[in-house]
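Taking it in order: structure first as structure tokens, then the write-up.
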Amino acid sequence: MPLTDVVVENSASSVPEMVLAIGKRARIASRAMAKASTAQKNQALLYMAQMVRGQTETLKQANAKDLQRAKEAGHDAAFIDRLALSDKVIETMAQGVEQIVALQDLIGQVTPSVKRPTGIEVSQMRVPLGVIGIIYESRPNVTIDAAALCIKSGNATILRGGSEAIDSNTALAKMIQASLEKAGLPRDGVQVIETIDRAAVGAMITMTEYIDVIVPRGGKSLIARLMAESRVPMIKHLDGICHTYVDDEADITKSITVCDNAKTQRYSPCNAMETLLVHSKVAIQLLLPLCKIYQDKGVELRVCRKTKAILAQGGFAGMSALKDALEEDWTTEYLAPILSIKTVESMDEAIEHINHYGSHHTDAIMTENLSKAARFLREVDSASVMHNASTRFADGFEFGLGAEIGISNDKLHARGPVGLEGLTSLKYIVKGDGSIRT
């Protein structure tokens, strides 16, 4: 089926007007979502989980159309896998919604008040952000995850998924909106833009009157475009150039296990290690067994001159497969079985390298010296900093957030995995008794 046949839509020139209308409806719906009770929001989510399970065949039929187009377009197996809604993926989606139901509702929580000398009492109340626009690519499960998090946090949301998943996303949108209505909430609390026209993205990222924040979930090119063109504030990260530094006081056995996991447990996530930094005093001891593990798993190693010399000195059997690390390797997010390795002379050099070349996403130190660990955690300027743990833990579920809408390496508002709290803000609450300022 040609992609243009998927959705009956207006002409390209009318897309901005269509998105504007969606934005207006979302703004109105956001007021009802903000004042919805916990019970009402949870009921909508439970209906969603029930509907996803009950309409598995409907979802798979819609998804089959997306898969057929993807295959005809020549997309690779990894792409097809991300796009596919198997029985297991659909059940996982339903379970994810139920997990969000179990999370504490933060909306309306008030901090302890502080009484001022003037007699007023000052506190802060947690409130929704308002309308959240989410722009994402091939995974249709993001439609459910994002909608559920926004509902629980009292926000309205506008979802713009990738064109390759248009049928799946449209089917999911109908289930979500039916669940909202059944719980007494506005259908427009969650809207999916049902067009493949890229003008919709351009309209969303400049619609400051109706969208409060944009959350992009996708590849580097998508996020780079949004960073260049968006007028709406964003919660995002561009690169995941994650490091592990193995200190001269590290436990070598522990370090081999963690560094192996950080790179090879999965290659494509943004929290996979891309650069390994090793103190010269433990380089031979660590690198000989670790590099063998990497090469046995098919990982291409790009190494600095010091590292190459150390491996040669140790009689490393895989020397012929090593590649020289170039300057650009230190700033490359591979998302693939490729790893850069650098030998350093001190923790100072490691920290300097991370802060200079890293993307402020996730970085780790392996050491048994608690003073060094404390200094590393304090001085490395990243959203998640770890001690004796794999960078692969930088994840909302692993951090106990229940779920995440994305990861931010910005410094304002939200940083690191963004869960329910990251989709809220605080407003000041002031109570007086006829109080006046003199």
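A note on labels: chains of the structure tokens are A, B, ... as shown, every chain counts residues from 1, and ligands are counted from 1 in their shown order.
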
*Check the DSSP output for the backbone and give back, as a PyMOL selection string, the residues of range 15-213 of chain A in alpha helix (DSSP H).*
chain A and resi 15-35+38-54+56-72+77-83+87-102+141-152+166-182+199-204

Could you build a table of the residues in range 46-116 of chain A lying no more than 9 Å from range 403-406 of chain A, giving for each the nearest pair of atoms and their separation in Å rounded to one decimal place, using only C-alpha atoms, ordered by chain and ascending residue number, as JSON lines?
```
{"residue": "A:Gly96", "atom": "CA", "partner": "A:Ala403", "partner_atom": "CA", "distance": 7.7}
{"residue": "A:Gln99", "atom": "CA", "partner": "A:Ala403", "partner_atom": "CA", "distance": 8.2}
{"residue": "A:Ile100", "atom": "CA", "partner": "A:Ala403", "partner_atom": "CA", "distance": 7.2}
```

Give me, as JSON lines, each residue of range 115-207 of chain A that comes within 10 Å of range 215-225 of chain A, together with its shortest interatomic pair and the distance in Å at one decimal, counting only C-alpha atoms, with rows ordered by chain and rising residue number.
```
{"residue": "A:Ile132", "atom": "CA", "partner": "A:Val215", "partner_atom": "CA", "distance": 7.3}
{"residue": "A:Gly133", "atom": "CA", "partner": "A:Val215", "partner_atom": "CA", "distance": 6.2}
{"residue": "A:Ile134", "atom": "CA", "partner": "A:Val215", "partner_atom": "CA", "distance": 4.7}
{"residue": "A:Ile135", "atom": "CA", "partner": "A:Pro216", "partner_atom": "CA", "distance": 4.8}
{"residue": "A:Tyr136", "atom": "CA", "partner": "A:Arg217", "partner_atom": "CA", "distance": 4.5}
{"residue": "A:Glu137", "atom": "CA", "partner": "A:Gly218", "partner_atom": "CA", "distance": 5.4}
{"residue": "A:Ser138", "atom": "CA", "partner": "A:Gly218", "partner_atom": "CA", "distance": 8.2}
{"residue": "A:Arg139", "atom": "CA", "partner": "A:Gly218", "partner_atom": "CA", "distance": 9.4}
{"residue": "A:Val142", "atom": "CA", "partner": "A:Arg217", "partner_atom": "CA", "distance": 8.8}
{"residue": "A:Ala146", "atom": "CA", "partner": "A:Val215", "partner_atom": "CA", "distance": 9.7}
{"residue": "A:Leu159", "atom": "CA", "partner": "A:Val215", "partner_atom": "CA", "distance": 9.7}
{"residue": "A:Arg160", "atom": "CA", "partner": "A:Pro216", "partner_atom": "CA", "distance": 9.6}
{"residue": "A:Gly161", "atom": "CA", "partner": "A:Arg217", "partner_atom": "CA", "distance": 9.4}
{"residue": "A:Gly162", "atom": "CA", "partner": "A:Gly218", "partner_atom": "CA", "distance": 9.3}
{"residue": "A:Gly202", "atom": "CA", "partner": "A:Arg225", "partner_atom": "CA", "distance": 9.8}
```

*Residue nearest Thr343 in chain A among A:Lys411, A:Val278, A:Thr38, A:Asp188 (counting only C-alpha atoms)*: A:Val278

*Just the residues within 12 Å of Ser371 in chain A, please, counting only C-alpha atoms, with nothing from its chain fewer than 5 positions along; format it as a PyMOL selection string.*
chain A and resi 249+347+365+376-378+387

Let's have the selection written as an mmCIF file, in the first residue's frame, with N, CA and C atoms.
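Below you can see result_16.cif, which holds the result:
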```
data_model
loop_
_atom_site.group_PDB
_atom_site.id
_atom_site.type_symbol
_atom_site.label_atom_id
_atom_site.label_comp_id
_atom_site.auth_asym_id
_atom_site.auth_seq_id
_atom_site.Cartn_x
_atom_site.Cartn_y
_atom_site.Cartn_z
ATOM 1 N N GLU A 249 42.872 2.279 41.531
ATOM 2 C CA GLU A 249 42.463 1.582 42.750
ATOM 3 C C GLU A 249 41.142 0.840 42.545
ATOM 4 N N MET A 347 43.227 10.513 37.438
ATOM 5 C CA MET A 347 41.794 10.776 37.433
ATOM 6 C C MET A 347 41.514 12.180 36.910
ATOM 7 N N ILE A 365 32.670 5.720 37.247
ATOM 8 C CA ILE A 365 34.023 5.449 37.726
ATOM 9 C C ILE A 365 34.031 4.089 38.407
ATOM 10 N N PHE A 376 34.838 12.278 41.868
ATOM 11 C CA PHE A 376 34.364 12.026 40.504
ATOM 12 C C PHE A 376 32.872 12.363 40.388
ATOM 13 N N LEU A 377 32.080 11.899 41.338
ATOM 14 C CA LEU A 377 30.636 12.146 41.319
ATOM 15 C C LEU A 377 30.329 13.637 41.397
ATOM 16 N N ARG A 378 31.181 14.368 42.105
ATOM 17 C CA ARG A 378 30.963 15.809 42.276
ATOM 18 C C ARG A 378 31.409 16.602 41.050
ATOM 19 N N HIS A 387 29.114 5.135 40.354
ATOM 20 C CA HIS A 387 30.297 4.560 41.003
ATOM 21 C C HIS A 387 30.131 3.042 41.035
#
```

*Which neighbours of Ile120 in chain A fall inside 8 Å, counting only C-alpha atoms, when residues of the same chain fewer than 6 positions from it are skipped, and could you give them as a ChimeraX atom specification?*
/A:430-433,435

Would you output that residue set with all heavy atoms, as a PDB file, in the first residue's frame?
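Result file part.pdb:
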```pdb
ATOM      1  N   VAL A 430       0.804  30.989  48.785  1.00  0.00           N
ATOM      2  CA  VAL A 430       1.002  31.945  49.876  1.00  0.00           C
ATOM      3  C   VAL A 430      -0.314  32.124  50.620  1.00  0.00           C
ATOM      4  O   VAL A 430      -1.349  32.397  50.013  1.00  0.00           O
ATOM      5  CB  VAL A 430       1.502  33.300  49.340  1.00  0.00           C
ATOM      6  CG1 VAL A 430       1.675  34.286  50.481  1.00  0.00           C
ATOM      7  CG2 VAL A 430       2.799  33.143  48.566  1.00  0.00           C
ATOM      8  N   LYS A 431      -0.275  31.929  51.934  1.00  0.00           N
ATOM      9  CA  LYS A 431      -1.465  32.091  52.773  1.00  0.00           C
ATOM     10  C   LYS A 431      -1.224  33.190  53.792  1.00  0.00           C
ATOM     11  O   LYS A 431      -0.163  33.256  54.411  1.00  0.00           O
ATOM     12  CB  LYS A 431      -1.793  30.782  53.473  1.00  0.00           C
ATOM     13  CG  LYS A 431      -2.166  29.650  52.530  1.00  0.00           C
ATOM     14  CD  LYS A 431      -2.494  28.383  53.281  1.00  0.00           C
ATOM     15  CE  LYS A 431      -2.866  27.253  52.320  1.00  0.00           C
ATOM     16  NZ  LYS A 431      -3.175  25.985  53.039  1.00  0.00           N
ATOM     17  N   GLY A 432      -2.237  34.030  53.950  1.00  0.00           N
ATOM     18  CA  GLY A 432      -2.154  35.114  54.915  1.00  0.00           C
ATOM     19  C   GLY A 432      -3.446  35.262  55.679  1.00  0.00           C
ATOM     20  O   GLY A 432      -4.360  34.434  55.547  1.00  0.00           O
ATOM     21  N   ASP A 433      -3.553  36.315  56.449  1.00  0.00           N
ATOM     22  CA  ASP A 433      -4.769  36.610  57.232  1.00  0.00           C
ATOM     23  C   ASP A 433      -5.002  38.105  57.164  1.00  0.00           C
ATOM     24  O   ASP A 433      -4.799  38.822  58.123  1.00  0.00           O
ATOM     25  CB  ASP A 433      -4.593  36.127  58.668  1.00  0.00           C
ATOM     26  CG  ASP A 433      -5.878  36.282  59.494  1.00  0.00           C
ATOM     27  OD1 ASP A 433      -6.954  36.422  58.879  1.00  0.00           O
ATOM     28  OD2 ASP A 433      -5.783  36.283  60.740  1.00  0.00           O
ATOM     29  N   SER A 435      -3.113  39.861  55.314  1.00  0.00           N
ATOM     30  CA  SER A 435      -1.725  40.328  55.354  1.00  0.00           C
ATOM     31  C   SER A 435      -1.449  41.375  54.282  1.00  0.00           C
ATOM     32  O   SER A 435      -1.877  41.233  53.138  1.00  0.00           O
ATOM     33  CB  SER A 435      -0.767  39.138  55.163  1.00  0.00           C
ATOM     34  OG  SER A 435      -1.055  38.123  56.094  1.00  0.00           O
TER      35      SER A 435
END
```

*Surrounding residues of range 418-424 of chain A excluding itself and chain neighbours under 3 positions, 10 Å, only C-alpha atoms, as a PyMOL selection string*: chain A and resi 100+103-107+126-132+149-155+213+235-236+395-397+399-408+413-415

*For Glu57 in chain A: contacts at 12 Å, only C-alpha atoms, fewer than 3 positions along chain excluded, given as a PyMOL selection string*: chain A and resi 51-54+60-64+85-87+90+168+171

Could you dump the residues just selected with all heavy atoms as an mmCIF file, in the first residue's frame?
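Result file out-v3.cif:
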```cif
data_model
loop_
_atom_site.group_PDB
_atom_site.id
_atom_site.type_symbol
_atom_site.label_atom_id
_atom_site.label_comp_id
_atom_site.auth_asym_id
_atom_site.auth_seq_id
_atom_site.Cartn_x
_atom_site.Cartn_y
_atom_site.Cartn_z
ATOM 1 N N MET A 51 -8.179 -2.279 27.169
ATOM 2 C CA MET A 51 -8.509 -2.164 25.749
ATOM 3 C C MET A 51 -7.376 -2.676 24.864
ATOM 4 O O MET A 51 -7.603 -3.325 23.839
ATOM 5 C CB MET A 51 -8.842 -0.704 25.421
ATOM 6 C CG MET A 51 -9.742 -0.544 24.222
ATOM 7 S SD MET A 51 -10.451 1.117 24.086
ATOM 8 C CE MET A 51 -11.606 1.096 25.452
ATOM 9 N N VAL A 52 -6.129 -2.388 25.261
ATOM 10 C CA VAL A 52 -4.969 -2.869 24.496
ATOM 11 C C VAL A 52 -4.971 -4.391 24.454
ATOM 12 O O VAL A 52 -4.755 -5.005 23.404
ATOM 13 C CB VAL A 52 -3.656 -2.327 25.106
ATOM 14 C CG1 VAL A 52 -2.448 -3.084 24.565
ATOM 15 C CG2 VAL A 52 -3.509 -0.838 24.808
ATOM 16 N N ARG A 53 -5.229 -5.007 25.613
ATOM 17 C CA ARG A 53 -5.281 -6.478 25.656
ATOM 18 C C ARG A 53 -6.476 -7.019 24.866
ATOM 19 O O ARG A 53 -6.371 -8.026 24.173
ATOM 20 C CB ARG A 53 -5.381 -6.957 27.105
ATOM 21 C CG ARG A 53 -4.085 -6.856 27.887
ATOM 22 C CD ARG A 53 -4.169 -7.690 29.160
ATOM 23 N NE ARG A 53 -2.951 -7.565 29.948
ATOM 24 C CZ ARG A 53 -2.808 -6.765 30.996
ATOM 25 N NH1 ARG A 53 -3.821 -6.004 31.392
ATOM 26 N NH2 ARG A 53 -1.673 -6.712 31.651
ATOM 27 N N GLY A 54 -7.611 -6.344 24.988
ATOM 28 C CA GLY A 54 -8.837 -6.839 24.367
ATOM 29 C C GLY A 54 -8.875 -6.654 22.865
ATOM 30 O O GLY A 54 -9.668 -7.312 22.177
ATOM 31 N N LYS A 60 -2.705 -5.669 15.791
ATOM 32 C CA LYS A 60 -1.784 -6.414 14.929
ATOM 33 C C LYS A 60 -2.144 -6.239 13.447
ATOM 34 O O LYS A 60 -1.262 -6.198 12.584
ATOM 35 C CB LYS A 60 -1.782 -7.891 15.324
ATOM 36 C CG LYS A 60 -1.074 -8.127 16.658
ATOM 37 C CD LYS A 60 -1.298 -9.521 17.207
ATOM 38 C CE LYS A 60 -0.529 -10.575 16.472
ATOM 39 N NZ LYS A 60 -0.649 -11.892 17.137
ATOM 40 N N GLN A 61 -3.434 -6.105 13.153
ATOM 41 C CA GLN A 61 -3.845 -5.863 11.778
ATOM 42 C C GLN A 61 -3.364 -4.502 11.287
ATOM 43 O O GLN A 61 -2.875 -4.361 10.155
ATOM 44 C CB GLN A 61 -5.366 -5.960 11.649
ATOM 45 C CG GLN A 61 -5.895 -7.388 11.759
ATOM 46 C CD GLN A 61 -7.413 -7.441 11.880
ATOM 47 O OE1 GLN A 61 -8.097 -6.445 11.624
ATOM 48 N NE2 GLN A 61 -7.943 -8.585 12.286
ATOM 49 N N ALA A 62 -3.489 -3.488 12.154
ATOM 50 C CA ALA A 62 -3.006 -2.145 11.790
ATOM 51 C C ALA A 62 -1.491 -2.163 11.647
ATOM 52 O O ALA A 62 -0.927 -1.590 10.699
ATOM 53 C CB ALA A 62 -3.430 -1.136 12.855
ATOM 54 N N ASN A 63 -0.829 -2.839 12.569
ATOM 55 C CA ASN A 63 0.629 -2.918 12.549
ATOM 56 C C ASN A 63 1.135 -3.656 11.313
ATOM 57 O O ASN A 63 2.192 -3.317 10.769
ATOM 58 C CB ASN A 63 1.114 -3.605 13.829
ATOM 59 C CG ASN A 63 2.619 -3.613 13.973
ATOM 60 O OD1 ASN A 63 3.250 -4.657 14.075
ATOM 61 N ND2 ASN A 63 3.227 -2.427 14.021
ATOM 62 N N ALA A 64 0.372 -4.633 10.855
ATOM 63 C CA ALA A 64 0.772 -5.401 9.667
ATOM 64 C C ALA A 64 0.888 -4.494 8.439
ATOM 65 O O ALA A 64 1.757 -4.697 7.578
ATOM 66 C CB ALA A 64 -0.231 -6.525 9.410
ATOM 67 N N LEU A 85 4.552 -5.003 16.496
ATOM 68 C CA LEU A 85 3.742 -5.190 17.709
ATOM 69 C C LEU A 85 3.395 -6.674 17.826
ATOM 70 O O LEU A 85 2.357 -7.128 17.345
ATOM 71 C CB LEU A 85 2.467 -4.345 17.639
ATOM 72 C CG LEU A 85 2.639 -2.829 17.771
ATOM 73 C CD1 LEU A 85 1.299 -2.117 17.644
ATOM 74 C CD2 LEU A 85 3.300 -2.462 19.092
ATOM 75 N N SER A 86 4.279 -7.421 18.468
ATOM 76 C CA SER A 86 4.024 -8.838 18.717
ATOM 77 C C SER A 86 3.113 -8.969 19.933
ATOM 78 O O SER A 86 2.843 -7.996 20.647
ATOM 79 C CB SER A 86 5.338 -9.566 18.987
ATOM 80 O OG SER A 86 5.940 -9.058 20.178
ATOM 81 N N ASP A 87 2.637 -10.183 20.187
ATOM 82 C CA ASP A 87 1.825 -10.425 21.386
ATOM 83 C C ASP A 87 2.594 -10.010 22.641
ATOM 84 O O ASP A 87 2.022 -9.416 23.569
ATOM 85 C CB ASP A 87 1.455 -11.909 21.480
ATOM 86 C CG ASP A 87 0.436 -12.324 20.431
ATOM 87 O OD1 ASP A 87 -0.315 -11.443 19.954
ATOM 88 O OD2 ASP A 87 0.377 -13.516 20.083
ATOM 89 N N ILE A 90 2.751 -6.155 22.942
ATOM 90 C CA ILE A 90 1.433 -5.620 23.312
ATOM 91 C C ILE A 90 1.155 -5.869 24.789
ATOM 92 O O ILE A 90 0.674 -4.985 25.511
ATOM 93 C CB ILE A 90 0.333 -6.228 22.418
ATOM 94 C CG1 ILE A 90 0.494 -5.702 20.980
ATOM 95 C CG2 ILE A 90 -1.064 -5.886 22.956
ATOM 96 C CD1 ILE A 90 -0.396 -6.385 19.959
ATOM 97 N N SER A 168 -0.487 1.938 13.103
ATOM 98 C CA SER A 168 -0.434 1.459 14.497
ATOM 99 C C SER A 168 -0.777 2.584 15.465
ATOM 100 O O SER A 168 -1.560 2.401 16.407
ATOM 101 C CB SER A 168 0.973 0.923 14.815
ATOM 102 O OG SER A 168 1.336 -0.097 13.923
ATOM 103 N N ALA A 171 -4.503 3.509 15.427
ATOM 104 C CA ALA A 171 -5.307 2.515 16.148
ATOM 105 C C ALA A 171 -5.158 2.689 17.659
ATOM 106 O O ALA A 171 -6.147 2.620 18.407
ATOM 107 C CB ALA A 171 -4.885 1.107 15.734
#
```

*Pick the closest to Gly23 in chain A from A:Thr208, A:Ser255, A:Asn409, A:Thr111: which is it, counting only C-alpha atoms?*
A:Thr208

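Distance-wise, CA of Asp247 in chain A and CA of Leu277 in chain A end up 8.6 Å apart.
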
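Shortest separation to Met207 in chain A among A:Val232, A:Met48, A:Ile176, A:Val303 occurs at residue A:Val232, atoms counted being only C-alpha atoms.
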
_Separation of CA of Asn169 in chain A from CA of Gln265 in chain A, in Å and rounded to one decimal_ = 29.3 Å

*For Gly434 in chain A, which of A:Gly74, A:Gly318, A:Pro269, A:Gly119 is the closest residue, counting only C-alpha atoms?*
A:Gly119
